[in-house]
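Enquirer: My questions all concern the structure below.
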Amino acid sequence: MYTLTTNASFDSAHFLLGYEGKCSNIHGHRWKVEIEVGKSSLEEAGQNRGMIIDFSDFKQDLKKIVDAMDHCLIIEKNSLKAKTLEALLEENFKIIEVDFRPTAENFAKFFYGEMTKKNYNIVKATVYETPNNCASYYE
């Protein structure tokens, strides 16, 4: 099996609704997303001969997804009072609502899915919320 790995980073804030501890408050991370693709054989002809995929396309596709989440507040849907959300939006804050609790574990599965939608054979997605703490997802 051949594998390629690339990564991209973004800065955002989040909080964990219902968590008893510091993470219940809005706080930020420099998230690092690492995606690994795999294939049992290399391309035999054409521009990508001797490769799994075009590394440049792979990096660019991940960067587009990650850049959309940069410098925003990522919240779980229905985790803020309607008045609070409305006030933040009136101030033109960039808010991204997700259908999951915004943990490193759930982000790993999210990025796995987003890159799979782009027809990559994902082996594993890893998300670091700090340089020393990460979560991975694979099927």
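Here's how to read the names in the structure tokens: chain A, B, ... by the order shown, residue numbers from 1 in each chain, ligand numbers from 1 in the order shown.
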Neighbours of A:Leu4 within 12 Å (only C-alpha atoms; same-chain residues fewer than 4 positions away dropped), as a short mmCIF file (atom, residue, chain, number, x, y, z; two decimals) with all heavy atoms, in the first residue's frame?
Expert:
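In the end it all went to selection_18.cif:
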```cif
data_model
loop_
_atom_site.label_atom_id
_atom_site.label_comp_id
_atom_site.auth_asym_id
_atom_site.auth_seq_id
_atom_site.Cartn_x
_atom_site.Cartn_y
_atom_site.Cartn_z
N GLU A 34 -4.72 16.75 9.13
CA GLU A 34 -3.80 15.89 8.39
C GLU A 34 -4.62 14.79 7.71
O GLU A 34 -5.36 14.08 8.39
CB GLU A 34 -2.80 15.29 9.38
CG GLU A 34 -1.65 14.57 8.77
CD GLU A 34 -0.64 14.17 9.84
OE1 GLU A 34 0.26 14.98 10.13
OE2 GLU A 34 -0.80 13.07 10.39
N ILE A 35 -4.48 14.68 6.41
CA ILE A 35 -5.24 13.69 5.64
C ILE A 35 -4.26 12.75 4.95
O ILE A 35 -3.32 13.20 4.29
CB ILE A 35 -6.14 14.37 4.58
CG1 ILE A 35 -7.09 15.37 5.22
CG2 ILE A 35 -6.89 13.31 3.76
CD1 ILE A 35 -8.17 14.79 6.09
N GLU A 36 -4.53 11.46 5.09
CA GLU A 36 -3.71 10.43 4.45
C GLU A 36 -4.57 9.68 3.44
O GLU A 36 -5.68 9.24 3.76
CB GLU A 36 -3.19 9.46 5.52
CG GLU A 36 -2.29 8.38 4.98
CD GLU A 36 -1.76 7.46 6.08
OE1 GLU A 36 -1.85 7.83 7.27
OE2 GLU A 36 -1.27 6.38 5.74
N VAL A 37 -4.05 9.56 2.22
CA VAL A 37 -4.72 8.77 1.18
C VAL A 37 -3.86 7.55 0.88
O VAL A 37 -2.65 7.56 1.12
CB VAL A 37 -4.95 9.57 -0.12
CG1 VAL A 37 -5.92 10.71 0.10
CG2 VAL A 37 -3.66 10.09 -0.71
N GLY A 38 -4.48 6.52 0.35
CA GLY A 38 -3.74 5.31 0.04
C GLY A 38 -4.25 4.61 -1.20
O GLY A 38 -5.40 4.79 -1.61
N LYS A 39 -3.37 3.82 -1.75
CA LYS A 39 -3.70 3.06 -2.95
C LYS A 39 -2.70 1.91 -3.06
O LYS A 39 -1.53 2.08 -2.71
CB LYS A 39 -3.64 3.97 -4.18
CG LYS A 39 -4.26 3.41 -5.42
CD LYS A 39 -4.29 4.47 -6.51
CE LYS A 39 -4.76 3.88 -7.81
NZ LYS A 39 -4.62 4.84 -8.91
N SER A 40 -3.16 0.78 -3.54
CA SER A 40 -2.28 -0.39 -3.61
C SER A 40 -1.35 -0.35 -4.82
O SER A 40 -0.35 -1.07 -4.85
CB SER A 40 -3.11 -1.68 -3.63
OG SER A 40 -3.97 -1.69 -4.75
N LEU A 42 0.37 2.29 -8.21
CA LEU A 42 0.60 3.63 -8.72
C LEU A 42 0.01 3.76 -10.11
O LEU A 42 -0.18 2.77 -10.82
CB LEU A 42 2.11 3.91 -8.77
CG LEU A 42 2.86 3.81 -7.45
CD1 LEU A 42 4.35 4.02 -7.67
CD2 LEU A 42 2.32 4.80 -6.44
N MET A 51 2.63 7.87 -9.55
CA MET A 51 2.03 8.55 -8.41
C MET A 51 0.74 7.85 -7.99
O MET A 51 0.14 7.14 -8.78
CB MET A 51 1.66 10.00 -8.77
CG MET A 51 2.78 10.86 -9.25
SD MET A 51 2.07 12.48 -9.69
CE MET A 51 3.49 13.25 -10.44
N ILE A 52 0.31 8.13 -6.77
CA ILE A 52 -1.02 7.72 -6.34
C ILE A 52 -2.04 8.69 -6.93
O ILE A 52 -3.02 8.30 -7.55
CB ILE A 52 -1.15 7.75 -4.79
CG1 ILE A 52 -0.19 6.77 -4.14
CG2 ILE A 52 -2.58 7.46 -4.37
CD1 ILE A 52 -0.16 6.88 -2.63
N ILE A 53 -1.81 9.96 -6.68
CA ILE A 53 -2.65 11.07 -7.13
C ILE A 53 -1.75 12.27 -7.34
O ILE A 53 -0.57 12.23 -6.98
CB ILE A 53 -3.74 11.44 -6.08
CG1 ILE A 53 -3.07 11.75 -4.74
CG2 ILE A 53 -4.78 10.36 -5.95
CD1 ILE A 53 -4.00 12.36 -3.71
N ASP A 54 -2.31 13.31 -7.88
CA ASP A 54 -1.57 14.56 -8.03
C ASP A 54 -1.53 15.25 -6.65
O ASP A 54 -2.57 15.66 -6.13
CB ASP A 54 -2.27 15.46 -9.05
CG ASP A 54 -1.48 16.71 -9.36
OD1 ASP A 54 -0.97 17.35 -8.41
OD2 ASP A 54 -1.38 17.07 -10.54
N PHE A 55 -0.34 15.33 -6.07
CA PHE A 55 -0.16 15.92 -4.75
C PHE A 55 -0.68 17.35 -4.71
O PHE A 55 -1.29 17.79 -3.73
CB PHE A 55 1.33 15.91 -4.38
CG PHE A 55 1.63 15.49 -2.98
CD1 PHE A 55 2.71 14.67 -2.74
CD2 PHE A 55 0.87 15.90 -1.90
CE1 PHE A 55 3.02 14.25 -1.45
CE2 PHE A 55 1.16 15.50 -0.61
CZ PHE A 55 2.24 14.67 -0.38
N SER A 56 -0.46 18.09 -5.78
CA SER A 56 -0.87 19.49 -5.84
C SER A 56 -2.38 19.62 -5.70
O SER A 56 -2.88 20.46 -4.94
CB SER A 56 -0.38 20.11 -7.15
OG SER A 56 -0.75 21.46 -7.22
N PHE A 58 -4.44 17.42 -4.38
CA PHE A 58 -4.77 16.93 -3.05
C PHE A 58 -4.61 18.04 -2.01
O PHE A 58 -5.52 18.31 -1.21
CB PHE A 58 -3.85 15.73 -2.76
CG PHE A 58 -4.00 15.06 -1.43
CD1 PHE A 58 -5.24 14.80 -0.87
CD2 PHE A 58 -2.87 14.65 -0.74
CE1 PHE A 58 -5.35 14.14 0.35
CE2 PHE A 58 -2.97 13.99 0.48
CZ PHE A 58 -4.21 13.74 1.02
N LYS A 59 -3.47 18.72 -2.03
CA LYS A 59 -3.20 19.80 -1.08
C LYS A 59 -4.19 20.95 -1.27
O LYS A 59 -4.69 21.50 -0.29
CB LYS A 59 -1.77 20.31 -1.26
CG LYS A 59 -0.72 19.34 -0.81
CD LYS A 59 0.72 19.81 -0.88
CE LYS A 59 1.02 20.95 -1.78
NZ LYS A 59 2.47 21.26 -1.88
N TYR A 120 -11.29 11.08 -3.04
CA TYR A 120 -10.00 10.60 -2.56
C TYR A 120 -10.22 9.32 -1.75
O TYR A 120 -11.22 9.21 -1.03
CB TYR A 120 -9.29 11.65 -1.69
CG TYR A 120 -8.82 12.84 -2.47
CD1 TYR A 120 -9.49 14.05 -2.41
CD2 TYR A 120 -7.69 12.75 -3.28
CE1 TYR A 120 -9.06 15.14 -3.14
CE2 TYR A 120 -7.25 13.84 -4.01
CZ TYR A 120 -7.95 15.03 -3.94
OH TYR A 120 -7.52 16.11 -4.66
N ASN A 121 -9.30 8.39 -1.87
CA ASN A 121 -9.34 7.16 -1.09
C ASN A 121 -8.66 7.43 0.26
O ASN A 121 -7.47 7.18 0.42
CB ASN A 121 -8.65 6.01 -1.84
CG ASN A 121 -8.76 4.71 -1.09
OD1 ASN A 121 -9.77 4.44 -0.46
ND2 ASN A 121 -7.71 3.91 -1.13
N ILE A 122 -9.44 7.95 1.19
CA ILE A 122 -8.88 8.38 2.47
C ILE A 122 -8.59 7.17 3.34
O ILE A 122 -9.44 6.30 3.53
CB ILE A 122 -9.85 9.33 3.21
CG1 ILE A 122 -10.26 10.50 2.32
CG2 ILE A 122 -9.22 9.83 4.51
CD1 ILE A 122 -9.13 11.35 1.80
N VAL A 123 -7.37 7.13 3.88
CA VAL A 123 -6.97 6.10 4.82
C VAL A 123 -7.31 6.57 6.23
O VAL A 123 -7.88 5.83 7.03
CB VAL A 123 -5.46 5.78 4.70
CG1 VAL A 123 -5.01 4.83 5.80
CG2 VAL A 123 -5.15 5.22 3.32
N LYS A 124 -6.96 7.83 6.52
CA LYS A 124 -7.14 8.35 7.87
C LYS A 124 -7.14 9.88 7.84
O LYS A 124 -6.42 10.49 7.06
CB LYS A 124 -6.01 7.86 8.77
CG LYS A 124 -6.09 8.30 10.21
CD LYS A 124 -5.07 7.63 11.11
CE LYS A 124 -3.66 8.02 10.78
NZ LYS A 124 -2.67 7.51 11.77
N ALA A 125 -7.96 10.45 8.72
CA ALA A 125 -7.97 11.90 8.94
C ALA A 125 -7.61 12.13 10.40
O ALA A 125 -8.18 11.50 11.29
CB ALA A 125 -9.32 12.49 8.63
#
```
Enquirer: Between A:Glu43, A:Asp67, A:Ser24, A:Ser136, which has the minimum distance to A:Phe107 (counting only C-alpha atoms)?
Expert: A:Ser136
Enquirer: Which residues are close to A:Thr130, i.e. within 10 Å by only C-alpha atoms, leaving aside same-chain residues fewer than 2 positions away? Reply as an mmCIF file with N, CA, C and O atoms, in the first residue's frame.
Expert:
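Wrote around-v6.cif, looks like this:
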```cif
data_model
loop_
_atom_site.group_PDB
_atom_site.id
_atom_site.type_symbol
_atom_site.label_atom_id
_atom_site.label_comp_id
_atom_site.auth_asym_id
_atom_site.auth_seq_id
_atom_site.Cartn_x
_atom_site.Cartn_y
_atom_site.Cartn_z
ATOM 1 N N HIS A 29 -8.359 27.671 18.895
ATOM 2 C CA HIS A 29 -7.289 26.726 18.605
ATOM 3 C C HIS A 29 -6.683 27.062 17.253
ATOM 4 O O HIS A 29 -7.326 27.653 16.388
ATOM 5 N N ARG A 30 -5.462 26.637 17.071
ATOM 6 C CA ARG A 30 -4.871 26.547 15.738
ATOM 7 C C ARG A 30 -4.986 25.079 15.381
ATOM 8 O O ARG A 30 -4.195 24.246 15.788
ATOM 9 N N TRP A 31 -6.049 24.747 14.668
ATOM 10 C CA TRP A 31 -6.340 23.377 14.279
ATOM 11 C C TRP A 31 -5.424 22.962 13.129
ATOM 12 O O TRP A 31 -5.211 23.734 12.193
ATOM 13 N N LYS A 32 -4.898 21.771 13.213
ATOM 14 C CA LYS A 32 -4.106 21.211 12.120
ATOM 15 C C LYS A 32 -4.842 19.960 11.634
ATOM 16 O O LYS A 32 -5.150 19.071 12.430
ATOM 17 N N ALA A 104 -12.348 17.549 18.466
ATOM 18 C CA ALA A 104 -11.333 17.064 17.521
ATOM 19 C C ALA A 104 -11.783 15.750 16.892
ATOM 20 O O ALA A 104 -11.573 15.520 15.696
ATOM 21 N N VAL A 127 -6.928 15.263 13.319
ATOM 22 C CA VAL A 127 -7.087 16.683 13.632
ATOM 23 C C VAL A 127 -6.405 16.961 14.968
ATOM 24 O O VAL A 127 -6.710 16.328 15.973
ATOM 25 N N TYR A 128 -5.468 17.903 14.932
ATOM 26 C CA TYR A 128 -4.765 18.355 16.129
ATOM 27 C C TYR A 128 -5.455 19.626 16.616
ATOM 28 O O TYR A 128 -5.620 20.563 15.846
ATOM 29 N N ASN A 132 0.170 18.861 20.748
ATOM 30 C CA ASN A 132 0.354 17.574 21.416
ATOM 31 C C ASN A 132 -0.885 16.698 21.495
ATOM 32 O O ASN A 132 -0.808 15.571 21.955
ATOM 33 N N ASN A 133 -2.052 17.222 21.105
ATOM 34 C CA ASN A 133 -3.301 16.490 21.256
ATOM 35 C C ASN A 133 -4.033 16.393 19.933
ATOM 36 O O ASN A 133 -4.325 17.424 19.303
ATOM 37 N N CYS A 134 -4.337 15.167 19.533
ATOM 38 C CA CYS A 134 -5.018 14.967 18.277
ATOM 39 C C CYS A 134 -6.017 13.817 18.374
ATOM 40 O O CYS A 134 -5.974 13.006 19.298
#
```
Enquirer: What separation in Å, quoted to one decimal, exists between atom CA of A:Lys77 and atom CA of A:Phe111?
Expert: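 Computing the Euclidean distance for atom CA of A:Lys77 and atom CA of A:Phe111 yields 18.0 Å.
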Enquirer: Using only C-alpha atoms, determine which residues lie at most 12 Å from A:Lys64, disregarding the query and same-chain residues fewer than 6 positions distant; provide the list as a short mmCIF file (atom, residue, chain, number, x, y, z; two decimals) with all heavy atoms, in the first residue's frame.
Expert:
```cif
data_model
loop_
_atom_site.label_atom_id
_atom_site.label_comp_id
_atom_site.auth_asym_id
_atom_site.auth_seq_id
_atom_site.Cartn_x
_atom_site.Cartn_y
_atom_site.Cartn_z
N ASN A 7 -1.25 18.24 5.00
CA ASN A 7 -1.94 18.88 6.12
C ASN A 7 -2.16 20.35 5.81
O ASN A 7 -1.52 20.93 4.94
CB ASN A 7 -1.17 18.69 7.43
CG ASN A 7 0.17 19.35 7.43
OD1 ASN A 7 0.26 20.58 7.44
ND2 ASN A 7 1.24 18.57 7.39
N ALA A 8 -3.10 20.92 6.55
CA ALA A 8 -3.41 22.33 6.45
C ALA A 8 -3.90 22.77 7.83
O ALA A 8 -4.33 21.94 8.63
CB ALA A 8 -4.49 22.58 5.40
N SER A 9 -3.83 24.06 8.10
CA SER A 9 -4.22 24.57 9.41
C SER A 9 -5.21 25.71 9.29
O SER A 9 -5.26 26.40 8.27
CB SER A 9 -2.98 25.08 10.16
OG SER A 9 -2.07 24.05 10.37
N PHE A 10 -5.98 25.89 10.34
CA PHE A 10 -6.87 27.04 10.42
C PHE A 10 -7.03 27.44 11.88
O PHE A 10 -6.83 26.64 12.79
CB PHE A 10 -8.24 26.75 9.77
CG PHE A 10 -9.08 25.72 10.47
CD1 PHE A 10 -10.14 26.09 11.28
CD2 PHE A 10 -8.85 24.37 10.28
CE1 PHE A 10 -10.93 25.14 11.90
CE2 PHE A 10 -9.64 23.41 10.90
CZ PHE A 10 -10.69 23.79 11.71
N ASP A 57 -3.14 18.80 -6.43
CA ASP A 57 -4.60 18.83 -6.34
C ASP A 57 -5.06 18.46 -4.93
O ASP A 57 -5.96 19.08 -4.37
CB ASP A 57 -5.23 17.87 -7.34
CG ASP A 57 -5.03 18.30 -8.78
OD1 ASP A 57 -4.74 19.50 -9.03
OD2 ASP A 57 -5.16 17.43 -9.67
N PHE A 58 -4.44 17.42 -4.38
CA PHE A 58 -4.77 16.93 -3.05
C PHE A 58 -4.61 18.04 -2.01
O PHE A 58 -5.52 18.31 -1.21
CB PHE A 58 -3.85 15.73 -2.76
CG PHE A 58 -4.00 15.06 -1.43
CD1 PHE A 58 -5.24 14.80 -0.87
CD2 PHE A 58 -2.87 14.65 -0.74
CE1 PHE A 58 -5.35 14.14 0.35
CE2 PHE A 58 -2.97 13.99 0.48
CZ PHE A 58 -4.21 13.74 1.02
N ASP A 70 -11.55 29.14 8.55
CA ASP A 70 -10.54 29.97 9.21
C ASP A 70 -11.16 31.23 9.80
O ASP A 70 -12.02 31.87 9.19
CB ASP A 70 -9.46 30.34 8.18
CG ASP A 70 -8.22 30.92 8.83
OD1 ASP A 70 -7.83 30.43 9.91
OD2 ASP A 70 -7.65 31.86 8.26
N PHE A 111 -13.72 15.97 8.32
CA PHE A 111 -12.75 16.16 7.24
C PHE A 111 -12.57 14.88 6.43
O PHE A 111 -12.37 14.95 5.21
CB PHE A 111 -11.42 16.68 7.79
CG PHE A 111 -11.50 18.12 8.22
CD1 PHE A 111 -11.45 18.46 9.56
CD2 PHE A 111 -11.65 19.13 7.29
CE1 PHE A 111 -11.54 19.78 9.97
CE2 PHE A 111 -11.75 20.46 7.68
CZ PHE A 111 -11.70 20.79 9.02
N GLU A 114 -15.50 15.00 4.06
CA GLU A 114 -15.39 16.06 3.04
C GLU A 114 -14.38 15.69 1.96
O GLU A 114 -14.62 15.93 0.77
CB GLU A 114 -15.01 17.39 3.69
CG GLU A 114 -16.11 17.98 4.56
CD GLU A 114 -17.37 18.29 3.79
OE1 GLU A 114 -17.32 19.07 2.83
OE2 GLU A 114 -18.44 17.73 4.16
N MET A 115 -13.27 15.09 2.35
CA MET A 115 -12.26 14.71 1.35
C MET A 115 -12.70 13.46 0.58
O MET A 115 -12.37 13.31 -0.60
CB MET A 115 -10.90 14.50 2.03
CG MET A 115 -10.25 15.79 2.50
SD MET A 115 -9.91 16.98 1.17
CE MET A 115 -8.45 16.22 0.45
N LYS A 118 -14.67 14.28 -2.39
CA LYS A 118 -13.86 14.74 -3.52
C LYS A 118 -13.16 13.57 -4.22
O LYS A 118 -12.23 13.75 -4.99
CB LYS A 118 -12.85 15.78 -3.05
CG LYS A 118 -13.53 17.04 -2.55
CD LYS A 118 -12.53 18.13 -2.27
CE LYS A 118 -13.20 19.41 -1.94
NZ LYS A 118 -13.88 20.05 -3.07
#
```
Enquirer: Might you pull out every residue within 8 Å of A:Ile75, with only C-alpha atoms counted and same-chain residues fewer than 6 positions away left off, and present them as a list in words?
Expert: His14, Phe15, Ile95, Ile96, Glu97, Val98, Arg101 and Pro102 of chain A
Enquirer: Write out, as a PDB file, in the first residue's frame, the residues just selected, with all heavy atoms.
Expert:
```pdb
ATOM      1  N   HIS A  14     -14.365  27.851  19.373  1.00  0.00           N
ATOM      2  CA  HIS A  14     -15.504  26.962  19.606  1.00  0.00           C
ATOM      3  C   HIS A  14     -15.741  26.880  21.102  1.00  0.00           C
ATOM      4  O   HIS A  14     -15.010  27.454  21.892  1.00  0.00           O
ATOM      5  CB  HIS A  14     -15.258  25.576  18.986  1.00  0.00           C
ATOM      6  CG  HIS A  14     -14.303  24.711  19.749  1.00  0.00           C
ATOM      7  ND1 HIS A  14     -14.467  23.354  19.920  1.00  0.00           N
ATOM      8  CD2 HIS A  14     -13.161  25.005  20.426  1.00  0.00           C
ATOM      9  CE1 HIS A  14     -13.477  22.844  20.637  1.00  0.00           C
ATOM     10  NE2 HIS A  14     -12.662  23.834  20.950  1.00  0.00           N
ATOM     11  N   PHE A  15     -16.777  26.167  21.483  1.00  0.00           N
ATOM     12  CA  PHE A  15     -17.025  25.824  22.882  1.00  0.00           C
ATOM     13  C   PHE A  15     -17.806  24.530  22.878  1.00  0.00           C
ATOM     14  O   PHE A  15     -18.371  24.131  21.859  1.00  0.00           O
ATOM     15  CB  PHE A  15     -17.766  26.942  23.632  1.00  0.00           C
ATOM     16  CG  PHE A  15     -19.169  27.154  23.167  1.00  0.00           C
ATOM     17  CD1 PHE A  15     -20.230  26.508  23.806  1.00  0.00           C
ATOM     18  CD2 PHE A  15     -19.446  27.974  22.094  1.00  0.00           C
ATOM     19  CE1 PHE A  15     -21.533  26.697  23.362  1.00  0.00           C
ATOM     20  CE2 PHE A  15     -20.738  28.173  21.653  1.00  0.00           C
ATOM     21  CZ  PHE A  15     -21.796  27.531  22.289  1.00  0.00           C
ATOM     22  N   ILE A  95     -19.841  32.906  11.624  1.00  0.00           N
ATOM     23  CA  ILE A  95     -20.280  31.783  12.443  1.00  0.00           C
ATOM     24  C   ILE A  95     -20.525  30.594  11.512  1.00  0.00           C
ATOM     25  O   ILE A  95     -21.188  30.738  10.484  1.00  0.00           O
ATOM     26  CB  ILE A  95     -21.611  32.091  13.177  1.00  0.00           C
ATOM     27  CG1 ILE A  95     -21.577  33.435  13.884  1.00  0.00           C
ATOM     28  CG2 ILE A  95     -22.010  30.924  14.070  1.00  0.00           C
ATOM     29  CD1 ILE A  95     -20.881  33.466  15.187  1.00  0.00           C
ATOM     30  N   ILE A  96     -19.988  29.450  11.879  1.00  0.00           N
ATOM     31  CA  ILE A  96     -20.275  28.216  11.152  1.00  0.00           C
ATOM     32  C   ILE A  96     -20.995  27.288  12.113  1.00  0.00           C
ATOM     33  O   ILE A  96     -20.479  26.975  13.191  1.00  0.00           O
ATOM     34  CB  ILE A  96     -18.993  27.550  10.622  1.00  0.00           C
ATOM     35  CG1 ILE A  96     -18.337  28.439   9.572  1.00  0.00           C
ATOM     36  CG2 ILE A  96     -19.306  26.165  10.043  1.00  0.00           C
ATOM     37  CD1 ILE A  96     -17.032  27.896   9.029  1.00  0.00           C
ATOM     38  N   GLU A  97     -22.200  26.889  11.729  1.00  0.00           N
ATOM     39  CA  GLU A  97     -22.965  25.943  12.534  1.00  0.00           C
ATOM     40  C   GLU A  97     -22.782  24.542  11.962  1.00  0.00           C
ATOM     41  O   GLU A  97     -22.931  24.336  10.764  1.00  0.00           O
ATOM     42  CB  GLU A  97     -24.443  26.309  12.530  1.00  0.00           C
ATOM     43  CG  GLU A  97     -24.757  27.592  13.276  1.00  0.00           C
ATOM     44  CD  GLU A  97     -26.237  27.872  13.324  1.00  0.00           C
ATOM     45  OE1 GLU A  97     -26.752  28.381  12.311  1.00  0.00           O
ATOM     46  OE2 GLU A  97     -26.866  27.569  14.347  1.00  0.00           O
ATOM     47  N   VAL A  98     -22.464  23.598  12.834  1.00  0.00           N
ATOM     48  CA  VAL A  98     -22.276  22.210  12.421  1.00  0.00           C
ATOM     49  C   VAL A  98     -23.297  21.329  13.151  1.00  0.00           C
ATOM     50  O   VAL A  98     -23.847  21.719  14.184  1.00  0.00           O
ATOM     51  CB  VAL A  98     -20.833  21.715  12.688  1.00  0.00           C
ATOM     52  CG1 VAL A  98     -19.831  22.460  11.804  1.00  0.00           C
ATOM     53  CG2 VAL A  98     -20.456  21.868  14.155  1.00  0.00           C
ATOM     54  N   ARG A 101     -21.075  18.091  17.868  1.00  0.00           N
ATOM     55  CA  ARG A 101     -20.308  18.806  18.893  1.00  0.00           C
ATOM     56  C   ARG A 101     -18.913  19.045  18.324  1.00  0.00           C
ATOM     57  O   ARG A 101     -18.270  18.108  17.852  1.00  0.00           O
ATOM     58  CB  ARG A 101     -20.241  17.958  20.161  1.00  0.00           C
ATOM     59  CG  ARG A 101     -19.817  18.704  21.388  1.00  0.00           C
ATOM     60  CD  ARG A 101     -19.860  17.782  22.589  1.00  0.00           C
ATOM     61  NE  ARG A 101     -19.911  18.527  23.831  1.00  0.00           N
ATOM     62  CZ  ARG A 101     -19.631  17.993  25.000  1.00  0.00           C
ATOM     63  NH1 ARG A 101     -19.303  16.719  25.105  1.00  0.00           N
ATOM     64  NH2 ARG A 101     -19.688  18.721  26.088  1.00  0.00           N
ATOM     65  N   PRO A 102     -18.422  20.288  18.311  1.00  0.00           N
ATOM     66  CA  PRO A 102     -17.154  20.604  17.639  1.00  0.00           C
ATOM     67  C   PRO A 102     -15.919  20.154  18.432  1.00  0.00           C
ATOM     68  O   PRO A 102     -15.151  20.955  18.953  1.00  0.00           O
ATOM     69  CB  PRO A 102     -17.208  22.112  17.453  1.00  0.00           C
ATOM     70  CG  PRO A 102     -18.094  22.597  18.558  1.00  0.00           C
ATOM     71  CD  PRO A 102     -19.095  21.498  18.797  1.00  0.00           C
TER      72      PRO A 102
END
```
Enquirer: Kindly give the distance, in Å, that separates atom CA of A:Gly50 and atom CA of A:Leu62, rounded to a single decimal.
Expert: 22.0 Å
Enquirer: So how many Å separate atom CA of A:Lys63 and atom CA of A:Val33, to one decimal?
Expert: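 Value for the atom CA of A:Lys63-atom CA of A:Val33 distance: 9.5 Å.
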